[in-house]
Each structure stands twice: as structure tokens, then as C-alpha cells.
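To keep things clear, I will list the structure first and then write my remarks on it.
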Amino acid sequence: MAHLEPLFPSDVIAARLESLSSDIAARMGADFALVAILKGSFVFAADLIRALANHRVNPEVDFMTLASYG
């Protein structure tokens, strides 16, 4: 099995997620809906929701499935 190297270290991802959640909290306030596109965004959406909660923002959350083919 091949050894995989991460593109970004976890601390860089965590710092960007904190910055993003701070920006969202400042611009959106506390009353908005976060819609995550399944299946690829599930883990990121969970991390973003936790980061938003640290800013006392608790958006309504929903999920959507899309397909690019019939």
C-alpha cells in the first residue's frame, strides 16, 4: 500500500476553519441555514458547525444530495 502524505497539516486546517467560522459568524449573525452537500462535505460540515458553536452561532442544518448525471 502506498504511503499518503497530507496536503495540509491538521493545525493549518484547524486555523483556517477557525478563521472561516469567525467570518461567517460576523457576516451571517445567528439566524441562517447551513446546507451541506452529501456525501463529500459531511466531515467538513460537522467541523464547521462545531467551530460556529464556539462563536455562539447555531445555524439550522440540512443536507442535500446532488448528482451530475441522470
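All residue names refer to the C-alpha cells as shown: chains lettered A, B, ... in order, residues numbered from 1 in each chain, ligands numbered from 1 in order.
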Identify all residues of chain A in strand (DSSP E or B) (DSSP on the backbone) and supply them as a PyMOL selection string. chain A and resi 33-38+60-65
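Reported to one decimal place, the separation of atom CA of A:Glu5 from atom CA of A:Ala45 is 22.9 Å.
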- Contacts of A:Pro59 at 12 Å or less, counting only C-alpha atoms, minus same-chain residues fewer than 4 places along, as a ChimeraX atom specification? /A:21,24-25,28-36,45-46,48-53,55
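Candidate residues A:Thr65, A:Ile13, A:Val57, A:Leu20 were compared for distance to A:Ile37, and the nearest is A:Thr65, using only C-alpha atoms.
Among the candidates A:Asn54, A:Glu18, A:Leu66, A:Asp23, the residue lying nearest to A:Ser41 is A:Leu66 (atoms considered: only C-alpha atoms).
One distance worth recording is that between atom CA of A:Met64 and atom CA of A:Asp47, which is 17.5 Å.
As for atom CA of A:Leu7 and atom CA of A:Val61, they are spaced 28.4 Å apart.
For the choices A:Phe63, A:Phe44, A:Tyr69, A:Arg56, the atom-to-atom distance to A:Ser22 is smallest for A:Arg56 when using only C-alpha atoms.
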* **Filtered DSSP result for chain A, state helix (DSSP H, G or I), as a count of residues only** => 32
